[in-house]
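Asks: Sharing structure_0.pdb, PDB, C-alpha atoms and all ligand atoms:
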```
ATOM      1  CA  MET A 898     -26.112  56.310  74.731
ATOM      2  CA  ASP A 899     -22.616  55.013  75.536
ATOM      3  CA  TYR A 900     -23.356  51.301  75.142
ATOM      4  CA  GLN A 901     -19.703  50.253  75.385
ATOM      5  CA  LYS A 902     -19.368  51.901  78.808
ATOM      6  CA  ILE A 903     -22.591  50.206  79.965
ATOM      7  CA  LEU A 904     -21.486  46.774  78.698
ATOM      8  CA  ASN A 905     -18.125  47.201  80.471
ATOM      9  CA  GLU A 906     -19.934  48.107  83.708
ATOM     10  CA  ILE A 907     -22.186  45.042  83.367
ATOM     11  CA  ASP A 908     -19.137  42.830  82.785
ATOM     12  CA  ALA A 909     -17.416  44.235  85.883
ATOM     13  CA  GLU A 910     -20.552  43.725  88.017
ATOM     14  CA  LEU A 911     -21.091  40.159  86.860
ATOM     15  CA  LYS A 912     -17.462  39.253  87.633
ATOM     16  CA  GLN A 913     -18.410  39.858  91.305
ATOM     17  CA  THR A 914     -21.402  37.432  91.236
ATOM     18  CA  PRO A 915     -21.265  33.617  90.976
ATOM     19  CA  ASN A 916     -22.098  32.167  87.545
ATOM     20  CA  SER A 917     -24.661  29.494  88.460
ATOM     21  CA  GLY A 918     -26.240  26.764  86.380
ATOM     22  CA  GLN A 919     -25.222  23.777  84.289
ATOM     23  CA  VAL A 920     -24.007  23.379  80.714
ATOM     24  CA  ALA A 921     -26.567  21.402  78.639
ATOM     25  CA  SER A 922     -25.567  17.742  78.529
ATOM     26  CA  TYR A 923     -28.641  16.012  77.075
ATOM     27  CA  ILE A 924     -27.032  16.625  73.674
ATOM     28  CA  PRO A 925     -23.624  15.099  74.572
ATOM     29  CA  GLU A 926     -21.615  17.241  72.133
ATOM     30  CA  LEU A 927     -22.845  20.460  73.815
ATOM     31  CA  SER A 928     -21.302  19.400  77.137
ATOM     32  CA  THR A 929     -17.775  19.684  75.685
ATOM     33  CA  VAL A 930     -17.906  23.506  75.675
ATOM     34  CA  ASP A 931     -15.899  25.568  78.200
ATOM     35  CA  PRO A 932     -18.512  26.681  80.810
ATOM     36  CA  ASN A 933     -16.648  29.951  81.450
ATOM     37  CA  LYS A 934     -17.003  31.338  77.933
ATOM     38  CA  PHE A 935     -18.689  34.725  77.956
ATOM     39  CA  GLY A 936     -19.353  37.192  75.162
ATOM     40  CA  ILE A 937     -21.641  40.121  74.339
ATOM     41  CA  HIS A 938     -22.125  42.002  71.077
ATOM     42  CA  LEU A 939     -24.576  44.843  70.456
ATOM     43  CA  ILE A 940     -25.220  46.464  67.062
ATOM     44  CA  THR A 941     -27.338  49.594  66.756
ATOM     45  CA  THR A 942     -29.612  50.261  63.798
ATOM     46  CA  LYS A 943     -27.069  52.990  62.923
ATOM     47  CA  ASN A 944     -24.436  50.230  62.577
ATOM     48  CA  GLN A 945     -22.439  51.013  65.708
ATOM     49  CA  HIS A 946     -20.812  47.884  67.159
ATOM     50  CA  HIS A 947     -20.028  47.283  70.832
ATOM     51  CA  GLY A 948     -18.714  44.026  72.210
ATOM     52  CA  LEU A 949     -16.616  42.308  74.798
ATOM     53  CA  GLY A 950     -15.255  38.928  75.889
ATOM     54  CA  ASP A 951     -15.576  35.877  73.643
ATOM     55  CA  SER A 952     -17.901  37.674  71.234
ATOM     56  CA  ASN A 953     -15.990  36.473  68.171
ATOM     57  CA  GLU A 954     -16.025  32.771  68.983
ATOM     58  CA  ARG A 955     -18.633  30.538  67.347
ATOM     59  CA  PHE A 956     -21.032  28.406  69.379
ATOM     60  CA  SER A 957     -24.122  26.294  68.693
ATOM     61  CA  ILE A 958     -27.082  28.679  68.434
ATOM     62  CA  GLN A 959     -29.639  25.866  69.006
ATOM     63  CA  SER A 960     -33.207  27.153  69.472
ATOM     64  CA  ILE A 961     -32.284  30.704  68.481
ATOM     65  CA  ALA A 962     -32.430  29.350  64.916
ATOM     66  CA  LYS A 963     -36.164  28.683  65.382
ATOM     67  CA  ALA A 964     -36.806  32.432  64.998
ATOM     68  CA  LEU A 965     -35.014  32.327  61.625
ATOM     69  CA  SER A 966     -36.852  29.258  60.320
ATOM     70  CA  LEU A 967     -40.097  30.910  61.466
ATOM     71  CA  THR A 968     -39.213  34.062  59.514
ATOM     72  CA  LEU A 969     -38.539  32.080  56.347
ATOM     73  CA  ALA A 970     -41.686  29.938  56.698
ATOM     74  CA  PHE A 971     -43.894  32.970  57.477
ATOM     75  CA  SER A 972     -42.572  34.795  54.405
ATOM     76  CA  LEU A 973     -43.441  31.773  52.210
ATOM     77  CA  GLU A 974     -46.671  30.567  53.796
ATOM     78  CA  LYS A 975     -48.261  33.842  54.966
ATOM     79  CA  ASP A 976     -51.247  33.648  57.360
ATOM     80  CA  GLN A 977     -52.078  30.038  56.420
ATOM     81  CA  LEU A 978     -49.225  29.142  58.750
ATOM     82  CA  TRP A 979     -51.381  29.898  61.775
ATOM     83  CA  HIS A 980     -53.793  27.062  60.951
ATOM     84  CA  ARG A 981     -51.021  24.622  61.896
ATOM     85  CA  VAL A 982     -49.323  26.367  64.818
ATOM     86  CA  GLY A 983     -50.567  28.861  67.428
ATOM     87  CA  VAL A 984     -49.158  32.100  68.823
ATOM     88  CA  GLU A 985     -49.858  31.582  72.523
ATOM     89  CA  PRO A 986     -47.227  31.174  75.244
ATOM     90  CA  SER A 987     -47.003  27.543  76.336
ATOM     91  CA  GLY A 988     -45.991  27.910  79.981
ATOM     92  CA  THR A 989     -44.263  24.551  79.541
ATOM     93  CA  ALA A 990     -40.700  23.401  78.881
ATOM     94  CA  PHE A 991     -39.346  23.664  75.329
ATOM     95  CA  ASN A 992     -39.500  19.901  74.751
ATOM     96  CA  SER A 993     -42.781  19.172  76.560
ATOM     97  CA  LEU A 994     -45.316  16.709  75.148
ATOM     98  CA  VAL A 995     -48.195  17.393  77.539
ATOM     99  CA  GLN A 996     -50.240  19.991  75.639
ATOM    100  CA  LEU A 997     -49.851  18.366  72.256
ATOM    101  CA  GLU A 998     -52.133  15.402  72.915
ATOM    102  CA  VAL A 999     -54.889  17.572  74.453
ATOM    103  CA  GLU A1000     -54.617  20.194  71.700
ATOM    104  CA  LYS A1001     -54.784  17.620  68.901
ATOM    105  CA  GLY A1002     -51.308  18.009  67.460
ATOM    106  CA  ILE A1003     -51.420  21.825  67.036
ATOM    107  CA  PRO A1004     -48.428  23.272  68.931
ATOM    108  CA  ARG A1005     -49.022  26.358  71.067
ATOM    109  CA  ASN A1006     -46.368  28.400  69.232
ATOM    110  CA  PRO A1007     -43.537  28.083  66.668
ATOM    111  CA  LEU A1008     -40.718  28.356  69.245
ATOM    112  CA  ILE A1009     -41.379  25.290  71.402
ATOM    113  CA  ASN A1010     -39.877  22.176  69.821
ATOM    114  CA  ALA A1011     -43.253  20.898  68.555
ATOM    115  CA  GLY A1012     -43.920  24.207  66.790
ATOM    116  CA  ALA A1013     -40.417  24.375  65.338
ATOM    117  CA  LEU A1014     -40.924  20.850  63.967
ATOM    118  CA  VAL A1015     -44.120  22.001  62.193
ATOM    119  CA  ILE A1016     -42.167  24.979  60.781
ATOM    120  CA  SER A1017     -39.476  22.519  59.650
ATOM    121  CA  ASP A1018     -42.159  20.453  57.909
ATOM    122  CA  VAL A1019     -43.374  23.606  56.109
ATOM    123  CA  LEU A1020     -39.842  24.360  54.886
ATOM    124  CA  VAL A1021     -39.239  20.752  53.818
ATOM    125  CA  SER A1022     -42.427  21.051  51.706
ATOM    126  CA  ARG A1023     -41.680  24.515  50.329
ATOM    127  CA  LEU A1024     -37.942  24.353  49.539
ATOM    128  CA  SER A1025     -36.333  22.107  46.958
ATOM    129  CA  ASP A1026     -33.102  21.774  48.974
ATOM    130  CA  PRO A1027     -34.182  22.806  52.515
ATOM    131  CA  LYS A1028     -30.825  22.559  54.324
ATOM    132  CA  LYS A1029     -28.953  24.434  51.578
ATOM    133  CA  GLU A1030     -31.605  27.126  51.135
ATOM    134  CA  PHE A1031     -32.029  27.702  54.882
ATOM    135  CA  LEU A1032     -28.268  28.113  55.250
ATOM    136  CA  GLU A1033     -28.213  30.574  52.337
ATOM    137  CA  PHE A1034     -30.977  32.561  54.060
ATOM    138  CA  VAL A1035     -29.005  32.705  57.331
ATOM    139  CA  ARG A1036     -25.779  33.604  55.520
ATOM    140  CA  SER A1037     -27.508  36.476  53.732
ATOM    141  CA  LEU A1038     -28.764  37.867  57.057
ATOM    142  CA  ALA A1039     -25.348  37.488  58.697
ATOM    143  CA  GLY A1040     -23.574  38.836  55.611
ATOM    144  CA  ASN A1041     -21.148  35.961  55.973
ATOM    145  CA  PRO A1042     -20.881  32.957  53.623
ATOM    146  CA  ALA A1043     -18.790  31.059  56.197
ATOM    147  CA  ILE A1044     -21.752  30.401  58.549
ATOM    148  CA  ASP A1045     -22.391  26.647  58.650
ATOM    149  CA  TYR A1046     -24.091  23.756  60.435
ATOM    150  CA  GLY A1047     -22.182  22.031  63.245
ATOM    151  CA  SER A1048     -22.079  18.463  62.009
ATOM    152  CA  LYS A1049     -20.903  16.980  65.341
ATOM    153  CA  VAL A1050     -23.756  18.657  67.234
ATOM    154  CA  SER A1051     -26.451  17.676  64.711
ATOM    155  CA  ALA A1052     -25.209  14.057  64.750
ATOM    156  CA  SER A1053     -25.081  14.068  68.555
ATOM    157  CA  GLU A1054     -28.635  15.381  68.783
ATOM    158  CA  ARG A1055     -29.852  12.809  66.261
ATOM    159  CA  VAL A1056     -28.603  10.001  68.513
ATOM    160  CA  THR A1057     -30.351  11.361  71.616
ATOM    161  CA  GLY A1058     -33.391  13.100  70.068
ATOM    162  CA  TYR A1059     -36.050  10.773  71.511
ATOM    163  CA  ARG A1060     -38.387  13.561  72.638
ATOM    164  CA  ASN A1061     -38.280  15.310  69.273
ATOM    165  CA  ALA A1062     -38.992  11.975  67.596
ATOM    166  CA  ALA A1063     -41.966  11.510  69.950
ATOM    167  CA  LEU A1064     -43.281  15.027  69.194
ATOM    168  CA  VAL A1065     -43.052  14.634  65.422
ATOM    169  CA  ASN A1066     -44.654  11.172  65.517
ATOM    170  CA  LEU A1067     -47.551  12.438  67.630
ATOM    171  CA  MET A1068     -48.147  15.360  65.257
ATOM    172  CA  LYS A1069     -47.928  13.022  62.249
ATOM    173  CA  ALA A1070     -50.669  10.888  63.873
ATOM    174  CA  PHE A1071     -52.825  14.042  64.136
ATOM    175  CA  GLY A1072     -52.166  14.886  60.461
ATOM    176  CA  ASN A1073     -50.062  17.995  61.197
ATOM    177  CA  ILE A1074     -46.821  16.714  59.589
ATOM    178  CA  ASN A1075     -46.901  16.208  55.817
ATOM    179  CA  ASN A1076     -43.408  14.887  55.110
ATOM    180  CA  ASP A1077     -41.404  11.858  56.119
ATOM    181  CA  ILE A1078     -40.593  12.243  59.835
ATOM    182  CA  GLU A1079     -36.899  11.395  59.343
ATOM    183  CA  GLU A1080     -36.567  14.192  56.798
ATOM    184  CA  VAL A1081     -38.263  16.690  59.125
ATOM    185  CA  LEU A1082     -36.079  15.655  62.084
ATOM    186  CA  ASP A1083     -32.913  15.819  59.989
ATOM    187  CA  PHE A1084     -33.736  19.387  58.902
ATOM    188  CA  TYR A1085     -34.646  20.383  62.498
ATOM    189  CA  PHE A1086     -31.433  18.929  63.999
ATOM    190  CA  HIS A1087     -29.388  20.760  61.364
ATOM    191  CA  LEU A1088     -31.021  24.130  61.883
ATOM    192  CA  CYS A1089     -30.433  23.864  65.652
ATOM    193  CA  SER A1090     -26.741  23.107  65.022
ATOM    194  CA  VAL A1091     -25.936  26.373  63.166
ATOM    195  CA  GLU A1092     -22.839  27.963  64.689
ATOM    196  CA  MET A1093     -22.327  31.711  65.036
ATOM    197  CA  THR A1094     -20.444  34.259  67.092
ATOM    198  CA  CYS A1095     -22.266  36.878  69.181
ATOM    199  CA  GLN A1096     -21.319  39.443  66.542
ATOM    200  CA  GLU A1097     -22.780  37.321  63.721
ATOM    201  CA  LEU A1098     -25.942  36.636  65.725
ATOM    202  CA  ALA A1099     -26.529  40.303  66.531
ATOM    203  CA  GLN A1100     -26.017  41.144  62.842
ATOM    204  CA  THR A1101     -28.348  38.327  61.732
ATOM    205  CA  PHE A1102     -31.202  39.566  63.939
ATOM    206  CA  LEU A1103     -30.847  43.254  63.144
ATOM    207  CA  TYR A1104     -33.707  42.948  60.596
ATOM    208  CA  LEU A1105     -36.135  42.563  63.516
ATOM    209  CA  ALA A1106     -34.893  45.884  64.937
ATOM    210  CA  SER A1107     -35.211  47.471  61.466
ATOM    211  CA  ASN A1108     -38.861  46.759  60.556
ATOM    212  CA  GLY A1109     -37.952  43.663  58.545
ATOM    213  CA  ILE A1110     -35.190  45.270  56.440
ATOM    214  CA  ASN A1111     -31.768  43.590  56.194
ATOM    215  CA  PRO A1112     -29.490  46.576  56.940
ATOM    216  CA  LEU A1113     -26.640  45.004  54.947
ATOM    217  CA  THR A1114     -28.587  44.871  51.681
ATOM    218  CA  GLN A1115     -31.398  47.374  52.408
ATOM    219  CA  LYS A1116     -33.781  44.682  51.104
ATOM    220  CA  ALA A1117     -36.924  43.533  52.935
ATOM    221  CA  VAL A1118     -36.491  40.127  54.597
ATOM    222  CA  ILE A1119     -40.144  40.333  55.634
ATOM    223  CA  SER A1120     -42.734  43.114  55.763
ATOM    224  CA  SER A1121     -42.761  45.436  58.771
ATOM    225  CA  SER A1122     -46.099  43.925  59.805
ATOM    226  CA  LYS A1123     -44.592  40.413  59.838
ATOM    227  CA  SER A1124     -41.538  41.734  61.690
ATOM    228  CA  LYS A1125     -43.884  43.138  64.358
ATOM    229  CA  ARG A1126     -45.595  39.749  64.663
ATOM    230  CA  ILE A1127     -42.338  37.816  64.993
ATOM    231  CA  ASN A1128     -41.181  40.225  67.696
ATOM    232  CA  ALA A1129     -44.509  39.662  69.490
ATOM    233  CA  ILE A1130     -44.005  35.888  69.362
ATOM    234  CA  LEU A1131     -40.427  36.289  70.647
ATOM    235  CA  LEU A1132     -41.662  38.386  73.554
ATOM    236  CA  LEU A1133     -44.414  35.935  74.515
ATOM    237  CA  CYS A1134     -42.744  32.610  73.730
ATOM    238  CA  GLY A1135     -38.964  33.085  73.317
ATOM    239  CA  PHE A1136     -38.071  31.780  76.790
ATOM    240  CA  TYR A1137     -40.671  29.003  77.194
ATOM    241  CA  ASP A1138     -41.843  28.787  80.820
ATOM    242  CA  GLU A1139     -39.595  31.728  81.686
ATOM    243  CA  ALA A1140     -41.040  34.102  79.057
ATOM    244  CA  GLY A1141     -42.998  36.074  81.663
ATOM    245  CA  GLU A1142     -39.881  36.448  83.804
ATOM    246  CA  PHE A1143     -37.852  37.697  80.815
ATOM    247  CA  ALA A1144     -40.537  40.233  79.817
ATOM    248  CA  PHE A1145     -40.820  41.323  83.457
ATOM    249  CA  LYS A1146     -37.088  41.739  84.066
ATOM    250  CA  VAL A1147     -35.784  42.683  80.604
ATOM    251  CA  GLY A1148     -38.738  43.977  78.591
ATOM    252  CA  LEU A1149     -37.464  43.072  75.113
ATOM    253  CA  PRO A1150     -38.382  40.382  72.568
ATOM    254  CA  GLY A1151     -35.721  37.681  72.554
ATOM    255  CA  LYS A1152     -34.796  34.068  71.997
ATOM    256  CA  SER A1153     -32.576  31.673  73.912
ATOM    257  CA  GLY A1154     -30.796  28.461  72.973
ATOM    258  CA  VAL A1155     -29.420  25.604  75.062
ATOM    259  CA  GLY A1156     -25.952  26.361  73.659
ATOM    260  CA  GLY A1157     -26.046  29.336  76.085
ATOM    261  CA  GLY A1158     -26.821  32.037  73.548
ATOM    262  CA  ILE A1159     -29.520  34.703  73.817
ATOM    263  CA  VAL A1160     -30.560  37.287  71.235
ATOM    264  CA  ALA A1161     -32.708  40.287  72.177
ATOM    265  CA  ILE A1162     -34.156  43.024  69.999
ATOM    266  CA  HIS A1163     -34.929  46.623  70.859
ATOM    267  CA  PRO A1164     -37.002  47.703  67.809
ATOM    268  CA  ASN A1165     -35.532  50.765  66.066
ATOM    269  CA  GLN A1166     -32.575  50.760  68.491
ATOM    270  CA  PHE A1167     -30.388  47.643  68.471
ATOM    271  CA  SER A1168     -30.017  43.894  68.505
ATOM    272  CA  ILE A1169     -27.774  42.208  71.065
ATOM    273  CA  ALA A1170     -26.399  38.678  71.448
ATOM    274  CA  THR A1171     -24.916  37.162  74.596
ATOM    275  CA  TRP A1172     -23.187  33.817  75.145
ATOM    276  CA  SER A1173     -22.559  32.057  78.437
ATOM    277  CA  PRO A1174     -23.070  28.253  78.374
ATOM    278  CA  LYS A1175     -24.277  27.651  81.940
ATOM    279  CA  LEU A1176     -28.089  27.342  81.895
ATOM    280  CA  ASN A1177     -30.647  27.928  84.628
ATOM    281  CA  SER A1178     -33.306  25.322  85.480
ATOM    282  CA  LYS A1179     -35.520  26.535  82.594
ATOM    283  CA  GLY A1180     -32.766  25.965  80.000
ATOM    284  CA  ASN A1181     -31.895  29.655  79.511
ATOM    285  CA  SER A1182     -28.388  31.119  79.962
ATOM    286  CA  PHE A1183     -28.038  32.209  83.598
ATOM    287  CA  LYS A1184     -25.530  34.979  82.915
ATOM    288  CA  GLY A1185     -27.096  36.071  79.605
ATOM    289  CA  MET A1186     -30.398  36.751  81.366
ATOM    290  CA  LYS A1187     -28.535  38.863  83.953
ATOM    291  CA  VAL A1188     -26.704  40.850  81.239
ATOM    292  CA  LEU A1189     -29.950  41.794  79.537
ATOM    293  CA  GLU A1190     -31.707  42.656  82.787
ATOM    294  CA  LEU A1191     -28.814  44.955  83.726
ATOM    295  CA  LEU A1192     -28.760  46.482  80.233
ATOM    296  CA  THR A1193     -32.392  47.598  80.208
ATOM    297  CA  THR A1194     -32.167  48.642  83.867
ATOM    298  CA  LYS A1195     -29.067  50.797  83.334
ATOM    299  CA  THR A1196     -30.275  52.327  80.065
ATOM    300  CA  GLU A1197     -33.824  52.726  81.453
ATOM    301  CA  SER A1198     -35.017  51.694  78.014
ATOM    302  CA  SER A1199     -37.111  48.730  76.909
ATOM    303  CA  ILE A1200     -40.215  48.310  74.763
ATOM    304  CA  PHE A1201     -42.389  49.279  77.751
TER
HETATM  305  O1  LIG B   1     -34.499  20.219  70.270
HETATM  306  C1  LIG B   1     -33.661  20.456  71.119
HETATM  307  O2  LIG B   1     -33.717  19.960  72.222
HETATM  308  C2  LIG B   1     -32.531  21.421  70.804
HETATM  309  N1  LIG B   1     -32.065  21.258  69.469
HETATM  310  C3  LIG B   1     -32.938  22.864  70.967
HETATM  311  C4  LIG B   1     -33.305  23.184  72.371
HETATM  312  C5  LIG B   1     -33.146  24.612  72.749
HETATM  313  O3  LIG B   1     -32.211  25.287  72.387
HETATM  314  C6  LIG B   1     -34.145  25.083  73.702
HETATM  315  N2  LIG B   1     -33.879  26.452  74.086
HETATM  316  N3  LIG B   1     -33.580  26.947  75.100
END
```
Starting from the coordinates I provided, produce the structure as structure tokens.
Replies:
Amino acid sequence: MDYQKILNEIDAELKQTPNSGQVASYIPELSTVDPNKFGIHLITTKNQHHGLGDSNERFSIQSIAKALSLTLAFSLEKDQLWHRVGVEPSGTAFNSLVQLEVEKGIPRNPLINAGALVISDVLVSRLSDPKKEFLEFVRSLAGNPAIDYGSKVSASERVTGYRNAALVNLMKAFGNINNDIEEVLDFYFHLCSVEMTCQELAQTFLYLASNGINPLTQKAVISSSKSKRINAILLLCGFYDEAGEFAFKVGLPGKSGVGGGIVAIHPNQFSIATWSPKLNSKGNSFKGMKVLELLTTKTESSIF
């Protein structure tokens, strides 16, 4: 498969269509990004790299990091994890509070904010220096010790994070948060602020295309069974109330972030990251969704 030719064709096609949507502004620091940035990077499981555009510029990966914190928590906690968080699609927005009251503080899945806050609580309990150890984990996947938190973005989110504070307080009232809520929020805001390029993101997620093995070290990040389960959660929950649309149009497990990034995984084939900051009404990158739809349409290859 000539992926570079296909990516170039996609780029040319998308230059002819308007780039709709709005850059996220509810975290003020995110609104400072250039809305016209656009990058793609694809890495095959045979270590072939294909990229274009701004694929070597770092951006805030936001909710994409929730898949990484989930991986680390699942590897530490094993199946006990699922007593505190479900694996069902929510059909609601990423920051919604509505189900949490009815479902007694057990979030539908680990990728909505409520679920990612429970995962953060698990890591705060399990790790002696959570922020340092999480960053080390991400750096080992990316093969790059320069990956870091974005301190301006985490501080900006802290100031405006009223909904996340509401979610964590509600879950604490139901007994599903064990640690101090400020500590859990601080860890969560940091993990969302991690900055990476499309190339680094595609590299970081290659373990999910490789049955849980980090291709850089040939060591297991997680078992192949856990890798299968994380991919299943990404497919069902990675795009919140647009997860069905993404499965329908793209047919790959993936995860979006309000920084405009998307990662998608084709098991045993490749991982791909896209970046375009303008978001559609569901909070997912407008152009990134189009890139991935065109990719699986042109290659006639998805998980289905
Ligand atoms: O909690 C928040 O609102 C952000 N740190 C993450 C949101 C996000 O990326 C949702 N994904 N599309």
Asks: Go through chain A and flag each residue having an atom no more than 7 Å from ligand LIG 1 (chain B); for those, report the closest pair of atoms plus their distance in Å to one decimal, using only C-alpha atoms and all ligand atoms, ordered by chain and rising number, as a tab-separated table.
Replies:
```
residue	atom	partner	partner_atom	distance
A:Gln959	CA	B:LIG1	O3	4.3
A:Ser960	CA	B:LIG1	O3	3.6
A:Ile961	CA	B:LIG1	O3	6.7
A:Phe991	CA	B:LIG1	C6	5.6
A:Asn992	CA	B:LIG1	O2	6.3
A:Asn1010	CA	B:LIG1	O1	5.7
A:Glu1054	CA	B:LIG1	N1	6.8
A:Asn1061	CA	B:LIG1	O1	6.3
A:Phe1086	CA	B:LIG1	N1	6.0
A:Cys1089	CA	B:LIG1	N1	4.9
A:Phe1136	CA	B:LIG1	N3	6.8
A:Ser1153	CA	B:LIG1	N3	5.0
A:Gly1154	CA	B:LIG1	O3	3.5
A:Val1155	CA	B:LIG1	O3	3.9
A:Gly1156	CA	B:LIG1	O3	6.5
A:Gly1180	CA	B:LIG1	N3	5.1
A:Asn1181	CA	B:LIG1	N3	5.4
```
Asks: Could you tell me how far atom CA of A:Val984 sits from atom CA of A:Gly1148, in Å to one decimal place?
Replies: 18.6 Å
Asks: Just say which residues the PyMOL selection byres (((chain A and resi 1034-1045) around 9) and not hetatm) picks in this file, as a PyMOL selection string.
Replies: chain A and resi 962+965+969+1029-1033+1046-1048+1090-1093+1097-1104+1111-1114+1118
Asks: Name the residues in contact with A:Ala1011 at a cut-off of 8 Å, using all atoms listed in the file, excluding same-chain residues fewer than 4 positions from it; report them as an NGL selection string.
Replies: :A and (992 or 997 or 1004 or 1007 or 1015 or 1061 or 1064-1065)
Asks: Select, from A:Gln901, A:Gln977, A:Ser1198, A:Gln919, the residue with the minimum atom-to-atom distance to A:Ser1178, counting only C-alpha atoms.
Replies: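 Smallest separation from A:Ser1178 among the options: A:Gln919.
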Asks: Would you mind listing what lies within 6 Å of A:Ala1161 as a PyMOL selection string, with only C-alpha atoms counted and same-chain residues fewer than 4 positions away left out?
Replies: chain A and resi 1150-1151+1168-1169
Asks: Could you write those residues out with C-alpha atoms, as a tab-separated table (two decimals), keeping the file's coordinate frame?
Replies:
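Saved result, again_15.tsv, follows:
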```tsv
chain	number	residue	atom	x	y	z
A	1150	PRO	CA	-38.38	40.38	72.57
A	1151	GLY	CA	-35.72	37.68	72.55
A	1168	SER	CA	-30.02	43.89	68.50
A	1169	ILE	CA	-27.77	42.21	71.06
```
Asks: If you measure from atom CA of A:Pro1027 to atom CA of A:Ile1078, what distance in Å do you get, rounded to one decimal?
Replies: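 Distance between the two atoms: 14.4 Å.
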Asks: Which residues match the PyMOL selection byres (((chain A and resi 1018) around 8) and not hetatm) in the file above, as an NGL selection string?
Replies: :A and (1014-1017 or 1019-1022 or 1074-1076 or 1081)
Asks: Translate the PyMOL selection byres (((chain A and resi 1095) around 8) and not hetatm) into a concrete residue list for this structure, as an mmCIF file with C-alpha atoms, in the frame of the given file.
Replies:
```cif
data_model
loop_
_atom_site.group_PDB
_atom_site.id
_atom_site.type_symbol
_atom_site.label_atom_id
_atom_site.label_comp_id
_atom_site.auth_asym_id
_atom_site.auth_seq_id
_atom_site.Cartn_x
_atom_site.Cartn_y
_atom_site.Cartn_z
ATOM 1 C CA GLY A 936 -19.353 37.192 75.162
ATOM 2 C CA ILE A 937 -21.641 40.121 74.339
ATOM 3 C CA HIS A 938 -22.125 42.002 71.077
ATOM 4 C CA SER A 952 -17.901 37.674 71.234
ATOM 5 C CA ASN A 953 -15.990 36.473 68.171
ATOM 6 C CA GLU A 954 -16.025 32.771 68.983
ATOM 7 C CA ARG A 955 -18.633 30.538 67.347
ATOM 8 C CA MET A 1093 -22.327 31.711 65.036
ATOM 9 C CA THR A 1094 -20.444 34.259 67.092
ATOM 10 C CA GLN A 1096 -21.319 39.443 66.542
ATOM 11 C CA GLU A 1097 -22.780 37.321 63.721
ATOM 12 C CA LEU A 1098 -25.942 36.636 65.725
ATOM 13 C CA ALA A 1099 -26.529 40.303 66.531
ATOM 14 C CA GLY A 1158 -26.821 32.037 73.548
ATOM 15 C CA ILE A 1169 -27.774 42.208 71.065
ATOM 16 C CA ALA A 1170 -26.399 38.678 71.448
ATOM 17 C CA THR A 1171 -24.916 37.162 74.596
ATOM 18 C CA TRP A 1172 -23.187 33.817 75.145
#
```
Asks: Taking only C-alpha atoms into account, which of A:Ala970, A:Ile940, A:Leu1067, A:Ile1200 comes nearest A:Val999?
Replies: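 Ranked by minimum distance to A:Val999, first place goes to A:Leu1067.
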Asks: For a quick check of understanding, using all atoms listed in the file, which of A:Ala1062, A:Leu973, A:Ala990, A:Met1068 has the smallest distance to A:Leu1024?
Replies: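 Of all the options, A:Leu973 lies closest to A:Leu1024.
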Asks: Go through A:Lys963, A:Pro1164, A:Asp899, A:Pro915 and flag the residue nearest A:His946, using all atoms listed in the file for the distances.
Replies: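 Among the listed residues, the smallest separation from A:His946 belongs to A:Asp899.
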Asks: Go through A:Ile1162, A:Ala1140, A:Ala921, A:Ala909 and flag the residue nearest A:Leu1105, using only C-alpha atoms for the distances.
Replies: A:Ile1162
Asks: Using the file's own x, y and z axes, what box holds all listed atoms of stretch 999-1013 of chain A with 5 Å on each side, keeping edges along x, y and z, and what are its centre and edge lengths in Å to one decimal, as JSON?
Replies:
```
{"center_x": -47.4, "center_y": 23.0, "center_z": 69.9, "size_x": 25.0, "size_y": 20.8, "size_z": 19.1}
```
Asks: Please list as a ChimeraX atom specification every residue within 7 Å of A:Pro1174, counting only C-alpha atoms and excluding residues in the same chain fewer than 6 positions away.
Replies: /A:920,932,934,1156-1157,1182
Asks: Taking only C-alpha atoms into account, which of A:Ser1121, A:Val1160, A:Phe1145, A:Leu1008 comes nearest A:Glu1190?
Replies: A:Phe1145
